[in-house]
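As provided, data35.cif (mmCIF, C-alpha atoms) reads as follows.
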data_my_file
#
loop_
_atom_site.group_PDB
_atom_site.id
_atom_site.type_symbol
_atom_site.label_atom_id
_atom_site.label_comp_id
_atom_site.auth_asym_id
_atom_site.auth_seq_id
_atom_site.Cartn_x
_atom_site.Cartn_y
_atom_site.Cartn_z
ATOM 1 C CA MET A 1 6.790 -14.340 -17.919
ATOM 2 C CA SER A 2 4.852 -11.835 -19.981
ATOM 3 C CA ALA A 3 2.799 -8.864 -18.843
ATOM 4 C CA LYS A 4 -0.724 -9.489 -17.557
ATOM 5 C CA TYR A 5 -3.682 -7.882 -15.877
ATOM 6 C CA GLU A 6 -4.877 -9.354 -12.606
ATOM 7 C CA ILE A 7 -8.383 -8.761 -11.288
ATOM 8 C CA PHE A 8 -8.736 -9.351 -7.568
ATOM 9 C CA ARG A 9 -10.992 -8.602 -4.619
ATOM 10 C CA SER A 10 -9.617 -6.969 -1.497
ATOM 11 C CA VAL A 11 -10.105 -8.836 1.769
ATOM 12 C CA HIS A 12 -10.054 -5.467 3.566
ATOM 13 C CA ASN A 13 -12.904 -3.654 1.845
ATOM 14 C CA SER A 14 -14.460 -6.267 -0.520
ATOM 15 C CA GLN A 15 -13.885 -3.990 -3.526
ATOM 16 C CA TYR A 16 -12.551 -5.198 -6.861
ATOM 17 C CA TYR A 17 -9.294 -3.935 -8.338
ATOM 18 C CA PHE A 18 -7.092 -4.579 -11.317
ATOM 19 C CA ARG A 19 -3.360 -4.273 -11.678
ATOM 20 C CA LEU A 20 -1.119 -4.499 -14.711
ATOM 21 C CA LYS A 21 2.052 -6.451 -14.019
ATOM 22 C CA ALA A 22 5.126 -6.210 -16.232
ATOM 23 C CA GLY A 23 6.910 -9.314 -17.450
ATOM 24 C CA ASN A 24 9.225 -9.146 -14.406
ATOM 25 C CA GLY A 25 6.238 -9.320 -12.035
ATOM 26 C CA GLU A 26 6.394 -5.660 -10.951
ATOM 27 C CA ILE A 27 3.062 -3.836 -10.703
ATOM 28 C CA ILE A 28 3.211 -0.986 -13.220
ATOM 29 C CA LEU A 29 -0.391 0.254 -12.931
ATOM 30 C CA GLN A 30 -3.129 -0.282 -10.353
ATOM 31 C CA SER A 31 -6.745 0.808 -10.266
ATOM 32 C CA GLU A 32 -8.881 2.389 -7.635
ATOM 33 C CA GLY A 33 -11.562 0.184 -6.045
ATOM 34 C CA TYR A 34 -14.726 -0.878 -7.868
ATOM 35 C CA GLN A 35 -17.986 -2.117 -6.332
ATOM 36 C CA SER A 36 -18.292 -4.922 -8.893
ATOM 37 C CA LYS A 37 -16.049 -7.232 -10.872
ATOM 38 C CA ALA A 38 -17.633 -5.840 -14.036
ATOM 39 C CA GLY A 39 -16.364 -2.392 -13.047
ATOM 40 C CA ALA A 40 -12.799 -3.712 -12.759
ATOM 41 C CA GLN A 41 -13.176 -5.497 -16.105
ATOM 42 C CA ASN A 42 -14.351 -2.236 -17.683
ATOM 43 C CA GLY A 43 -11.303 -0.538 -16.169
ATOM 44 C CA VAL A 44 -9.020 -3.061 -17.890
ATOM 45 C CA GLY A 45 -10.841 -2.297 -21.152
ATOM 46 C CA SER A 46 -10.249 1.402 -20.597
ATOM 47 C CA VAL A 47 -6.503 0.838 -20.085
ATOM 48 C CA ARG A 48 -6.405 -1.229 -23.271
ATOM 49 C CA GLN A 49 -8.098 1.594 -25.165
ATOM 50 C CA ASN A 50 -6.252 4.572 -23.661
ATOM 51 C CA SER A 51 -2.764 3.318 -22.769
ATOM 52 C CA PRO A 52 -1.140 3.918 -26.199
ATOM 53 C CA TYR A 53 -1.700 7.700 -26.034
ATOM 54 C CA ASP A 54 1.045 9.721 -24.354
ATOM 55 C CA HIS A 55 -1.153 12.778 -23.726
ATOM 56 C CA LEU A 56 -3.320 10.709 -21.331
ATOM 57 C CA TYR A 57 -0.430 10.197 -18.881
ATOM 58 C CA ASP A 58 0.115 12.711 -16.091
ATOM 59 C CA ARG A 59 3.718 12.635 -14.946
ATOM 60 C CA LYS A 60 3.711 13.581 -11.275
ATOM 61 C CA THR A 61 5.964 13.855 -8.244
ATOM 62 C CA SER A 62 4.821 12.826 -4.763
ATOM 63 C CA THR A 63 5.176 15.084 -1.737
ATOM 64 C CA ASN A 64 8.332 13.186 -0.745
ATOM 65 C CA GLY A 65 9.884 13.689 -4.190
ATOM 66 C CA ASN A 66 9.237 10.311 -5.837
ATOM 67 C CA PRO A 67 8.128 10.351 -9.480
ATOM 68 C CA TYR A 68 4.990 8.443 -10.508
ATOM 69 C CA PHE A 69 2.323 8.620 -13.176
ATOM 70 C CA VAL A 70 -1.424 8.485 -13.597
ATOM 71 C CA LEU A 71 -3.242 7.193 -16.682
ATOM 72 C CA ASN A 72 -6.428 9.093 -17.471
ATOM 73 C CA ALA A 73 -9.369 8.294 -19.729
ATOM 74 C CA THR A 74 -10.281 10.783 -22.446
ATOM 75 C CA ASN A 75 -12.962 12.172 -20.088
ATOM 76 C CA GLY A 76 -10.262 13.018 -17.522
ATOM 77 C CA GLN A 77 -11.121 10.259 -15.038
ATOM 78 C CA ILE A 78 -8.200 8.404 -13.484
ATOM 79 C CA ILE A 79 -7.962 4.828 -14.759
ATOM 80 C CA GLY A 80 -4.876 3.766 -12.834
ATOM 81 C CA THR A 81 -1.884 4.950 -10.856
ATOM 82 C CA SER A 82 1.681 3.680 -10.964
ATOM 83 C CA GLN A 83 4.029 2.736 -8.175
ATOM 84 C CA MET A 84 6.536 5.274 -6.888
ATOM 85 C CA TYR A 85 9.769 5.350 -8.853
ATOM 86 C CA SER A 86 13.310 6.259 -7.852
ATOM 87 C CA SER A 87 13.871 8.554 -10.844
ATOM 88 C CA THR A 88 12.041 10.253 -13.688
ATOM 89 C CA SER A 89 13.783 7.944 -16.170
ATOM 90 C CA ALA A 90 12.462 4.896 -14.275
ATOM 91 C CA ARG A 91 8.964 6.443 -14.284
ATOM 92 C CA ASP A 92 9.215 7.082 -18.018
ATOM 93 C CA ALA A 93 10.258 3.448 -18.536
ATOM 94 C CA GLY A 94 7.130 2.438 -16.605
ATOM 95 C CA ILE A 95 4.988 4.546 -18.924
ATOM 96 C CA SER A 96 6.669 2.920 -21.931
ATOM 97 C CA SER A 97 5.875 -0.495 -20.472
ATOM 98 C CA VAL A 98 2.185 0.368 -20.007
ATOM 99 C CA LYS A 99 2.058 1.721 -23.564
ATOM 100 C CA ALA A 100 3.631 -1.479 -24.910
ATOM 101 C CA ASN A 101 1.745 -4.017 -22.791
ATOM 102 C CA GLY A 102 -1.533 -2.290 -21.939
ATOM 103 C CA PRO A 103 -3.378 -2.877 -25.213
ATOM 104 C CA THR A 104 -2.795 -6.635 -25.456
ATOM 105 C CA ALA A 105 -1.882 -8.138 -22.072
ATOM 106 C CA PRO A 106 -4.148 -11.048 -21.079
ATOM 107 C CA THR A 107 -6.356 -10.870 -17.986
ATOM 108 C CA VAL A 108 -6.136 -13.315 -15.099
ATOM 109 C CA ASP A 109 -9.136 -13.417 -12.740
ATOM 110 C CA LEU A 110 -7.943 -14.050 -9.178
ATOM 111 C CA THR A 111 -11.390 -13.763 -7.560
#
Would you mind writing the structure in this file as structure tokens?
Amino acid sequence: MSAKYEIFRSVHNSQYYFRLKAGNGEIILQSEGYQSKAGAQNGVGSVRQNSPYDHLYDRKTSTNGNPYFVLNATNGQIIGTSQMYSSTSARDAGISSVKANGPTAPTVDLT
């Protein structure tokens, strides 16, 4: 299986989201909610455009000590947030995966 974006609508709040899944099926980046499907599609476009650039990733640590990352647009807005990782090296591998797959992964519409 290769990496892919999935666009879906939440049954809980009716908002649209996208997630980028790695080839192993793990979610490596997920968006915040959008009011429209077009908003989620634009978010995917923003990941495609911005994911190759290392300076747009914020490497963070949660309050319970787990590393994660956030991908920002050039205007500083958050495009997507990663899962929590067990180590900084695992987080950095996640960033590498988004850099490698983000620009070209196909989109699957699950709505």
**Request:** Would you mind telling me which residue in A:Ser86, A:Asn50, A:Val44, A:Gly23 lies nearest to Asn64 in chain A when using only C-alpha atoms?
**Result:**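 Checking each of A:Ser86, A:Asn50, A:Val44, A:Gly23 against Asn64 in chain A, counting only C-alpha atoms, the winner is A:Ser86.
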**Request:** On this file, the PyMOL selection byres ((chain A and resi 87) around 12) gives some set of residues; write that set as a PyMOL selection string.
**Result:** chain A and resi 59-62+65-69+83-86+88-94
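The smallest atom-to-atom distance between Tyr5 in chain A and any of A:Ile28, A:Ile78, A:Ala73, A:Ala100, using only C-alpha atoms, is found for A:Ile28.
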**Message:** Can you pull out the residues contacting Gly80 in chain A? Cut-off 12 Å, using all atoms listed in the file, and skip same-chain residues under 4 positions away; I want them as a PyMOL selection string.
**Reply:** chain A and resi 17-20+27-34+40+43-48+50-51+56-58+68-73+76+95+98+102
Selection from above, C-alpha atoms, as a PDB file, keeping the file's coordinate frame, can you write it?
ATOM      1  CA  TYR A  17      -9.294  -3.935  -8.338  1.00  0.00           C
ATOM      2  CA  PHE A  18      -7.092  -4.579 -11.317  1.00  0.00           C
ATOM      3  CA  ARG A  19      -3.360  -4.273 -11.678  1.00  0.00           C
ATOM      4  CA  LEU A  20      -1.119  -4.499 -14.711  1.00  0.00           C
ATOM      5  CA  ILE A  27       3.062  -3.836 -10.703  1.00  0.00           C
ATOM      6  CA  ILE A  28       3.211  -0.986 -13.220  1.00  0.00           C
ATOM      7  CA  LEU A  29      -0.391   0.254 -12.931  1.00  0.00           C
ATOM      8  CA  GLN A  30      -3.129  -0.282 -10.353  1.00  0.00           C
ATOM      9  CA  SER A  31      -6.745   0.808 -10.266  1.00  0.00           C
ATOM     10  CA  GLU A  32      -8.881   2.389  -7.635  1.00  0.00           C
ATOM     11  CA  GLY A  33     -11.562   0.184  -6.045  1.00  0.00           C
ATOM     12  CA  TYR A  34     -14.726  -0.878  -7.868  1.00  0.00           C
ATOM     13  CA  ALA A  40     -12.799  -3.712 -12.759  1.00  0.00           C
ATOM     14  CA  GLY A  43     -11.303  -0.538 -16.169  1.00  0.00           C
ATOM     15  CA  VAL A  44      -9.020  -3.061 -17.890  1.00  0.00           C
ATOM     16  CA  GLY A  45     -10.841  -2.297 -21.152  1.00  0.00           C
ATOM     17  CA  SER A  46     -10.249   1.402 -20.597  1.00  0.00           C
ATOM     18  CA  VAL A  47      -6.503   0.838 -20.085  1.00  0.00           C
ATOM     19  CA  ARG A  48      -6.405  -1.229 -23.271  1.00  0.00           C
ATOM     20  CA  ASN A  50      -6.252   4.572 -23.661  1.00  0.00           C
ATOM     21  CA  SER A  51      -2.764   3.318 -22.769  1.00  0.00           C
ATOM     22  CA  LEU A  56      -3.320  10.709 -21.331  1.00  0.00           C
ATOM     23  CA  TYR A  57      -0.430  10.197 -18.881  1.00  0.00           C
ATOM     24  CA  ASP A  58       0.115  12.711 -16.091  1.00  0.00           C
ATOM     25  CA  TYR A  68       4.990   8.443 -10.508  1.00  0.00           C
ATOM     26  CA  PHE A  69       2.323   8.620 -13.176  1.00  0.00           C
ATOM     27  CA  VAL A  70      -1.424   8.485 -13.597  1.00  0.00           C
ATOM     28  CA  LEU A  71      -3.242   7.193 -16.682  1.00  0.00           C
ATOM     29  CA  ASN A  72      -6.428   9.093 -17.471  1.00  0.00           C
ATOM     30  CA  ALA A  73      -9.369   8.294 -19.729  1.00  0.00           C
ATOM     31  CA  GLY A  76     -10.262  13.018 -17.522  1.00  0.00           C
ATOM     32  CA  ILE A  95       4.988   4.546 -18.924  1.00  0.00           C
ATOM     33  CA  VAL A  98       2.185   0.368 -20.007  1.00  0.00           C
ATOM     34  CA  GLY A 102      -1.533  -2.290 -21.939  1.00  0.00           C
TER      35      GLY A 102
END
Extending 8 Å beyond the listed atoms of range 32-37 of chain A on each side, what axis-aligned box results? I want centre and edge lengths in Å to one decimal, as JSON.
{"center_x": -13.6, "center_y": -2.4, "center_z": -8.5, "size_x": 25.4, "size_y": 25.6, "size_z": 20.8}
**Prompt:** So what do you get for CA of Gly39 in chain A versus CA of Ala22 in chain A, distance-wise?
**Reply:** 22.1 Å
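Of note, CA of Gln49 in chain A and CA of Gly25 in chain A are spaced 22.3 Å apart.
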**Asked** the PyMOL selection byres ((chain A and resi 8) around 10) on the file shown: which residues, as a PyMOL selection string?
**Response** chain A and resi 5-7+9-11+14-19+37+40+108-111
